[in-house]
Amino acid sequence: MSTHWKVLLWMVAGLLVGLVMQFTLEAEAWSGITVVDGAAGVELASVSGPGAKGAFGQGRPIAKGDVLRAVILHRGAEDEELVELSRAADFEAAVARSVNGEVIWLVEASDTDVARPAAVALQMNPSSQRATWVAPFAFVADIFLALLKMLIVPLVLSSIVTGVASVGSMGSLRRLGGKTFFYYMATSLLAILVGQVLVNVIRPGDGAVLGLSALAERGAGTEESFIDVLKRAVPENIFKALQDNGAMLSIIFFALLFGYFITQTKEPHGTRVKDVFEAFFEVMMKMATGVLSLLPYGVFALIVKVVATTGFAPFKSLLLYMGTVTLALVIHFCITLPLVLRLVGRISPIKWFKAMSPAILTAFSTSSSSMTLPVTMKTVEHRGRVSNKVTSFTLPLGATINMDGTALYECIGVIFLAQYYASTGGYELTLGDQGLVVVLALLASVGAAGIPSAGLVMMLTILSALKLPVEGAALLLAVDRPLDMMRTMVNVWSDTCGAAVIARTEGEEGPLEPVFDA
Ligand code: ASP
């Protein structure tokens, strides 16, 4: 059975198992906070579990002895209810009216205008029956995510070094290389901008119920300006950066330079180092494929965990997120790229699409640009009548560094999660952060390997770079497969359009009249 069907099947199985657990095993919502009636009012007696992450206003963690005036039940951006507390029992009653995954805000007695509440995401009581049953699934899901995270640094480092070193060392093809690189980056940027506009207009993350723990920090996230971030991108010590998934920007910066300077080093040294990195990259790709073959089971465990803990609510929110990604992909596929084809390449998009259909369908059914590459090359050369010189140069490069669908998806995924955290009182993206997301999404799409779910692995790095918890990506992973199929289609479509446009700018007439029977 193809991995596709396997993933989808295990997704459904996870859903069913999760639902059965949800309905048959008891588990009350739990804040990890206990209160008592003190002299000054309702007083915090102990804080543990999810409550321990809550913090008031300027980041002061909630602590024993704090006096509470009220609690706000926060079920979404538009659904909030303020419950004044006069006795400790009021607090228990308020929590009992919420469900797992919802957020409550605690208001201090001194905070008269509710300016600095502390957010606490309710979780399942760990001593409940259901929590005991969910634990093994959570364990598998955690191991799977750890395996994915383990791949990030070596995969990104080797893929970028190898990619840049091969573009740079093409000698006579340098002009073609520059042009191709420019096209790839420009279309990916266009894709990201479409994604960014849509996710900021639709705002799928506002008031989403995802059941992730609220963030301790409040207000603006990194509080770094764009310039600060650029400064941070230059690592003072690359070996230190390599130890930190959150230092991805530095690792990418170093990899770009390293790849370039490999081409500038005299022989045989440059080639030797390049060969080592190439071999390393091949091994990492094999390893990634191995880890990803566990995807169906990882997804199963994740879905059981999410559904058993929070029920269907996260899926409703995720549906809007998926809709946003899909819409952006459709716009890029049907409007942006055809316009580029028509205006820059003077090629009929409809004819080109018809000619490219085998490659696009293969991309859809494999979720892998790399696996599709042989079909893409054959299709563009034979059905699209682009010269071998152009296809053999642009397409292999495109399959690894040109991923418009992935780029746009990274941007939407990250901003979606940030919106969720903002609406639960945590993290707000500053303008600098939004700019950073664009740059990181672009780099992530360059660094992502052309294999299924690679885009999601890269998203972990963006989240870490923004200091957002990667826990959110686990949730997105649960519904990643259908999106992966679509974004891979967009990735490959953009590669073929790139080959056609580059061929036209090289004066080739072939792509104007594609043939269909080859
Ligand atoms: N599966 C995609 C590709 O191969 C990469 C991704 O996960 O976004 O193009």
# chains A, B, ... in the order shown; residues from 1 in each chain; ligands from 1
>>> residues_around(residues="Met185 (chain A)", least_positions_apart="4", cutoff="12 Å", atoms="only C-alpha atoms", output="list in words")
Gly178, Lys179, Thr180, Phe181, Leu189, Leu190, Ala191, Ile192, Gly398, Ile401, Asn402, Met403, Asp404, Ala407, Val438, Val439, Ala441, Leu442, Leu443, Ala444, Ser445, Val446, Ser494, Asp495 and Gly498 of chain A
>>> residues_near_ligand(ligand="ligand 1", cutoff="10 Å", atoms="only C-alpha atoms and all ligand atoms", output="JSON, numbers by chain")
{"A": [363, 364, 366, 367, 368, 369, 370, 371, 372, 373, 398, 399, 400, 401, 402, 403, 404, 405, 406, 407, 408, 409, 410, 444, 445, 447, 448, 449, 450, 451, 452, 453, 454, 455, 456, 457, 458, 459, 480, 481, 483, 484, 485, 486, 487, 488, 489, 490, 491, 492]}
>>> write_last_selection(atoms="N, CA and C atoms", output="compact mmCIF listing (two decimals), in the first residue's frame")
# COMPACT_ATOMS: atom_id res chain seq x y z
N ALA A 363 3.53 14.34 -8.60
CA ALA A 363 3.85 15.09 -7.39
C ALA A 363 2.74 14.91 -6.36
N PHE A 364 1.51 15.01 -6.83
CA PHE A 364 0.35 14.89 -5.93
C PHE A 364 0.33 13.52 -5.27
N THR A 366 2.87 11.38 -4.84
CA THR A 366 4.04 10.92 -4.06
C THR A 366 4.38 11.86 -2.91
N SER A 367 3.87 13.09 -2.94
CA SER A 367 4.26 14.10 -1.93
C SER A 367 5.76 14.29 -1.89
N SER A 368 6.43 14.09 -3.00
CA SER A 368 7.88 14.24 -2.98
C SER A 368 8.40 14.79 -4.29
N SER A 369 9.01 15.98 -4.23
CA SER A 369 9.59 16.56 -5.43
C SER A 369 10.73 15.70 -5.94
N SER A 370 11.50 15.14 -5.02
CA SER A 370 12.65 14.33 -5.45
C SER A 370 12.21 13.07 -6.18
N MET A 371 11.21 12.42 -5.62
CA MET A 371 10.73 11.21 -6.27
C MET A 371 10.10 11.53 -7.62
N THR A 372 9.53 12.72 -7.74
CA THR A 372 8.89 13.11 -8.99
C THR A 372 9.91 13.54 -10.04
N LEU A 373 11.11 13.88 -9.60
CA LEU A 373 12.09 14.50 -10.50
C LEU A 373 12.27 13.78 -11.85
N GLY A 398 15.85 22.79 -8.87
CA GLY A 398 14.51 23.21 -8.45
C GLY A 398 13.89 22.23 -7.47
N ALA A 399 14.12 20.93 -7.70
CA ALA A 399 13.49 19.94 -6.83
C ALA A 399 13.96 20.06 -5.39
N THR A 400 15.14 20.63 -5.19
CA THR A 400 15.57 20.78 -3.80
C THR A 400 15.43 22.20 -3.26
N ILE A 401 15.68 23.21 -4.11
CA ILE A 401 15.63 24.55 -3.51
C ILE A 401 14.40 25.37 -3.88
N ASN A 402 13.66 24.96 -4.91
CA ASN A 402 12.52 25.79 -5.29
C ASN A 402 11.23 25.16 -4.82
N MET A 403 10.72 25.61 -3.69
CA MET A 403 9.50 25.03 -3.16
C MET A 403 8.53 26.14 -2.78
N ASP A 404 7.79 26.61 -3.78
CA ASP A 404 6.87 27.72 -3.52
C ASP A 404 5.75 27.30 -2.57
N GLY A 405 5.23 26.10 -2.79
CA GLY A 405 4.12 25.63 -1.95
C GLY A 405 4.59 25.49 -0.51
N THR A 406 5.76 24.95 -0.35
CA THR A 406 6.31 24.77 1.00
C THR A 406 6.55 26.12 1.67
N ALA A 407 7.08 27.06 0.89
CA ALA A 407 7.40 28.38 1.44
C ALA A 407 6.13 29.04 2.00
N LEU A 408 5.08 28.97 1.21
CA LEU A 408 3.84 29.64 1.62
C LEU A 408 3.20 28.93 2.81
N TYR A 409 3.36 27.63 2.82
CA TYR A 409 2.81 26.84 3.90
C TYR A 409 3.54 27.10 5.23
N GLU A 410 4.85 27.26 5.14
CA GLU A 410 5.63 27.58 6.35
C GLU A 410 5.11 28.87 6.96
N ALA A 444 13.65 28.24 4.78
CA ALA A 444 13.18 26.89 5.10
C ALA A 444 12.80 26.15 3.84
N SER A 445 12.21 26.87 2.88
CA SER A 445 11.82 26.19 1.65
C SER A 445 13.06 25.81 0.85
N GLY A 447 15.95 25.04 2.28
CA GLY A 447 16.61 23.98 3.04
C GLY A 447 15.82 22.68 3.09
N ALA A 448 14.50 22.74 2.81
CA ALA A 448 13.69 21.53 2.93
C ALA A 448 14.07 20.53 1.84
N ALA A 449 14.17 19.27 2.23
CA ALA A 449 14.47 18.23 1.25
C ALA A 449 13.18 17.91 0.48
N GLY A 450 13.33 17.36 -0.71
CA GLY A 450 12.13 17.08 -1.52
C GLY A 450 11.47 15.77 -1.18
N ILE A 451 11.21 15.57 0.10
CA ILE A 451 10.58 14.32 0.53
C ILE A 451 9.33 14.65 1.35
N PRO A 452 8.44 13.67 1.51
CA PRO A 452 7.19 13.96 2.21
C PRO A 452 7.42 14.54 3.61
N SER A 453 6.62 15.54 3.94
CA SER A 453 6.63 16.17 5.27
C SER A 453 7.91 16.92 5.62
N ALA A 454 8.82 17.07 4.67
CA ALA A 454 10.05 17.80 4.97
C ALA A 454 9.71 19.23 5.40
N GLY A 455 8.68 19.79 4.79
CA GLY A 455 8.29 21.16 5.10
C GLY A 455 7.93 21.30 6.56
N LEU A 456 7.29 20.28 7.10
CA LEU A 456 6.88 20.37 8.49
C LEU A 456 8.09 20.33 9.42
N VAL A 457 9.06 19.52 9.05
CA VAL A 457 10.27 19.44 9.86
C VAL A 457 10.93 20.83 9.91
N MET A 458 10.94 21.50 8.75
CA MET A 458 11.55 22.82 8.71
C MET A 458 10.77 23.82 9.55
N MET A 459 9.46 23.57 9.64
CA MET A 459 8.68 24.52 10.43
C MET A 459 9.12 24.51 11.90
N ASP A 480 -1.07 16.95 8.28
CA ASP A 480 -0.14 17.45 7.27
C ASP A 480 -0.27 16.79 5.91
N ARG A 481 -0.62 15.51 5.88
CA ARG A 481 -0.51 14.79 4.62
C ARG A 481 -1.31 15.40 3.44
N LEU A 483 -2.20 18.38 2.95
CA LEU A 483 -1.56 19.65 2.56
C LEU A 483 -0.25 19.39 1.84
N ASP A 484 0.46 18.36 2.29
CA ASP A 484 1.75 18.02 1.67
C ASP A 484 1.54 17.65 0.20
N MET A 485 0.48 16.88 -0.06
CA MET A 485 0.21 16.47 -1.44
C MET A 485 0.01 17.70 -2.32
N MET A 486 -0.75 18.65 -1.78
CA MET A 486 -1.04 19.84 -2.59
C MET A 486 0.17 20.74 -2.75
N ARG A 487 0.94 20.91 -1.65
CA ARG A 487 2.05 21.85 -1.79
C ARG A 487 3.15 21.27 -2.67
N THR A 488 3.29 19.93 -2.66
CA THR A 488 4.29 19.33 -3.54
C THR A 488 3.90 19.56 -5.00
N MET A 489 2.59 19.51 -5.26
CA MET A 489 2.11 19.79 -6.61
C MET A 489 2.51 21.20 -7.04
N VAL A 490 2.33 22.14 -6.13
CA VAL A 490 2.70 23.53 -6.44
C VAL A 490 4.22 23.64 -6.62
N ASN A 491 4.98 22.92 -5.78
CA ASN A 491 6.44 22.96 -5.90
C ASN A 491 6.88 22.51 -7.29
N VAL A 492 6.30 21.41 -7.74
CA VAL A 492 6.72 20.86 -9.03
C VAL A 492 6.22 21.72 -10.19
>>> closest_atom_pairs(of="region 278-337 of chain A", to="region 110-132 of chain A", cutoff="9 Å", atoms="only C-alpha atoms", output="tab-separated table")
residue	atom	partner	partner_atom	distance
A:Ala308	CA	A:Arg130	CA	7.7
A:Thr309	CA	A:Met124	CA	6.5
A:Thr310	CA	A:Met124	CA	8.4
>>> atom_distance(atom1="CA of Leu256 (chain A)", atom2="CA of Ala474 (chain A)")
28.7 Å
>>> select_by_dssp(residues="region 282-480 of chain A", states="alpha helix (DSSP H)", output="ChimeraX atom specification")
/A:282-292,295-310,313-331,337-343,349-366,369-378,388-401,404-423,431-447,454-465,471-478,480
>>> residues_around(residues="region 275-278 of chain A", least_positions_apart="4", cutoff="12 Å", atoms="only C-alpha atoms", output="list in words")
Pro154, Leu155, Val156, Leu157, Ser158, Ser159, Ile160, Val161, Thr162, Gly163, Val164, Ala165, Ser166, Ala255, Phe258, Gly259, Ile262, Thr263, Pro268, His269, Gly270, Thr271, Glu282, Val283, Met284 and Met285 of chain A
>>> residues_around(residues="Ile62 (chain A)", least_positions_apart="4", cutoff="12 Å", atoms="only C-alpha atoms", output="PyMOL selection string")
chain A and resi 32-34+43-48+50-58+66-68+105-108+116-120+216-217
>>> write_last_selection(atoms="N, CA and C atoms", output="JSON list (two decimals), in the first residue's frame")
[["chain", "number", "residue", "atom", "x", "y", "z"],
["A", 32, "GLY", "N", -4.15, 22.70, 37.47],
["A", 32, "GLY", "CA", -2.93, 22.54, 38.26],
["A", 32, "GLY", "C", -2.82, 23.57, 39.38],
["A", 33, "ILE", "N", -3.94, 24.26, 39.63],
["A", 33, "ILE", "CA", -3.92, 25.32, 40.64],
["A", 33, "ILE", "C", -4.94, 24.98, 41.73],
["A", 34, "THR", "N", -4.54, 25.15, 42.97],
["A", 34, "THR", "CA", -5.55, 25.04, 44.02],
["A", 34, "THR", "C", -5.62, 26.37, 44.78],
["A", 43, "GLU", "N", -7.12, 32.89, 47.65],
["A", 43, "GLU", "CA", -5.66, 32.89, 47.64],
["A", 43, "GLU", "C", -5.12, 31.62, 47.00],
["A", 44, "LEU", "N", -4.06, 31.75, 46.20],
["A", 44, "LEU", "CA", -3.46, 30.58, 45.56],
["A", 44, "LEU", "C", -2.73, 29.75, 46.61],
["A", 45, "ALA", "N", -3.08, 28.46, 46.68],
["A", 45, "ALA", "CA", -2.45, 27.62, 47.69],
["A", 45, "ALA", "C", -1.32, 26.80, 47.10],
["A", 46, "SER", "N", -1.52, 26.35, 45.85],
["A", 46, "SER", "CA", -0.43, 25.60, 45.22],
["A", 46, "SER", "C", -0.55, 25.72, 43.71],
["A", 47, "VAL", "N", 0.58, 25.64, 43.04],
["A", 47, "VAL", "CA", 0.59, 25.76, 41.58],
["A", 47, "VAL", "C", 1.47, 24.65, 41.02],
["A", 48, "SER", "N", 0.90, 23.86, 40.13],
["A", 48, "SER", "CA", 1.71, 22.84, 39.47],
["A", 48, "SER", "C", 1.15, 22.64, 38.07],
["A", 50, "PRO", "N", -0.06, 22.63, 34.30],
["A", 50, "PRO", "CA", -0.15, 23.73, 33.34],
["A", 50, "PRO", "C", -0.13, 25.09, 34.02],
["A", 51, "GLY", "N", -0.65, 25.14, 35.25],
["A", 51, "GLY", "CA", -0.70, 26.42, 35.96],
["A", 51, "GLY", "C", 0.67, 27.00, 36.19],
["A", 52, "ALA", "N", 1.66, 26.12, 36.34],
["A", 52, "ALA", "CA", 3.01, 26.59, 36.67],
["A", 52, "ALA", "C", 3.60, 27.45, 35.56],
["A", 53, "LYS", "N", 2.99, 27.37, 34.36],
["A", 53, "LYS", "CA", 3.53, 28.17, 33.26],
["A", 53, "LYS", "C", 2.90, 29.56, 33.18],
["A", 54, "GLY", "N", 1.83, 29.77, 33.91],
["A", 54, "GLY", "CA", 1.13, 31.05, 33.83],
["A", 54, "GLY", "C", 1.95, 32.19, 34.43],
["A", 55, "ALA", "N", 1.77, 33.38, 33.87],
["A", 55, "ALA", "CA", 2.51, 34.53, 34.40],
["A", 55, "ALA", "C", 1.67, 35.78, 34.24],
["A", 56, "PHE", "N", 1.72, 36.64, 35.23],
["A", 56, "PHE", "CA", 0.98, 37.90, 35.16],
["A", 56, "PHE", "C", 1.77, 38.92, 34.35],
["A", 57, "GLY", "N", 1.00, 39.84, 33.76],
["A", 57, "GLY", "CA", 1.55, 41.01, 33.10],
["A", 57, "GLY", "C", 3.00, 40.97, 32.69],
["A", 58, "GLN", "N", 3.87, 41.50, 33.49],
["A", 58, "GLN", "CA", 5.26, 41.64, 33.08],
["A", 58, "GLN", "C", 6.07, 40.36, 33.22],
["A", 66, "ASP", "N", -0.60, 34.47, 45.95],
["A", 66, "ASP", "CA", -1.26, 35.49, 45.12],
["A", 66, "ASP", "C", -2.75, 35.51, 45.43],
["A", 67, "VAL", "N", -3.31, 36.71, 45.45],
["A", 67, "VAL", "CA", -4.74, 36.80, 45.72],
["A", 67, "VAL", "C", -5.48, 37.08, 44.41],
["A", 68, "LEU", "N", -6.51, 36.29, 44.15],
["A", 68, "LEU", "CA", -7.23, 36.42, 42.87],
["A", 68, "LEU", "C", -8.54, 37.14, 43.05],
["A", 105, "TRP", "N", -8.05, 32.78, 32.29],
["A", 105, "TRP", "CA", -7.17, 33.87, 32.67],
["A", 105, "TRP", "C", -7.40, 34.21, 34.14],
["A", 106, "LEU", "N", -6.34, 34.34, 34.88],
["A", 106, "LEU", "CA", -6.47, 34.67, 36.30],
["A", 106, "LEU", "C", -6.22, 36.16, 36.48],
["A", 107, "VAL", "N", -7.11, 36.82, 37.24],
["A", 107, "VAL", "CA", -6.95, 38.25, 37.45],
["A", 107, "VAL", "C", -6.59, 38.48, 38.92],
["A", 108, "GLU", "N", -5.52, 39.19, 39.15],
["A", 108, "GLU", "CA", -5.09, 39.46, 40.52],
["A", 108, "GLU", "C", -6.03, 40.46, 41.20],
["A", 116, "ARG", "N", -3.58, 42.79, 33.37],
["A", 116, "ARG", "CA", -2.43, 41.87, 33.32],
["A", 116, "ARG", "C", -2.78, 40.46, 33.78],
["A", 117, "PRO", "N", -3.81, 39.86, 33.20],
["A", 117, "PRO", "CA", -4.16, 38.52, 33.67],
["A", 117, "PRO", "C", -3.11, 37.48, 33.27],
["A", 118, "ALA", "N", -3.11, 36.35, 33.97],
["A", 118, "ALA", "CA", -2.19, 35.25, 33.62],
["A", 118, "ALA", "C", -2.98, 34.16, 32.90],
["A", 119, "ALA", "N", -2.46, 33.70, 31.77],
["A", 119, "ALA", "CA", -3.17, 32.67, 31.01],
["A", 119, "ALA", "C", -2.73, 31.27, 31.44],
["A", 120, "VAL", "N", -3.71, 30.41, 31.61],
["A", 120, "VAL", "CA", -3.41, 29.01, 31.94],
["A", 120, "VAL", "C", -4.26, 28.13, 31.03],
["A", 216, "ALA", "N", 4.15, 31.34, 28.86],
["A", 216, "ALA", "CA", 4.38, 32.11, 30.07],
["A", 216, "ALA", "C", 4.57, 33.58, 29.73],
["A", 217, "GLU", "N", 5.32, 33.83, 28.65],
["A", 217, "GLU", "CA", 5.60, 35.22, 28.31],
["A", 217, "GLU", "C", 4.35, 35.86, 27.73]]
>>> closest_residue(among="A:Lys149, A:Arg504, A:Arg87, A:Arg97", to="Gly345 (chain A)", atoms="only C-alpha atoms")
A:Arg504
>>> select_by_dssp(residues="region 38-250 of chain A", states="strand (DSSP E)", output="PyMOL selection string")
chain A and resi 42-47+55-56+60-61+67-76+79-84+103-108+118-121+123-124
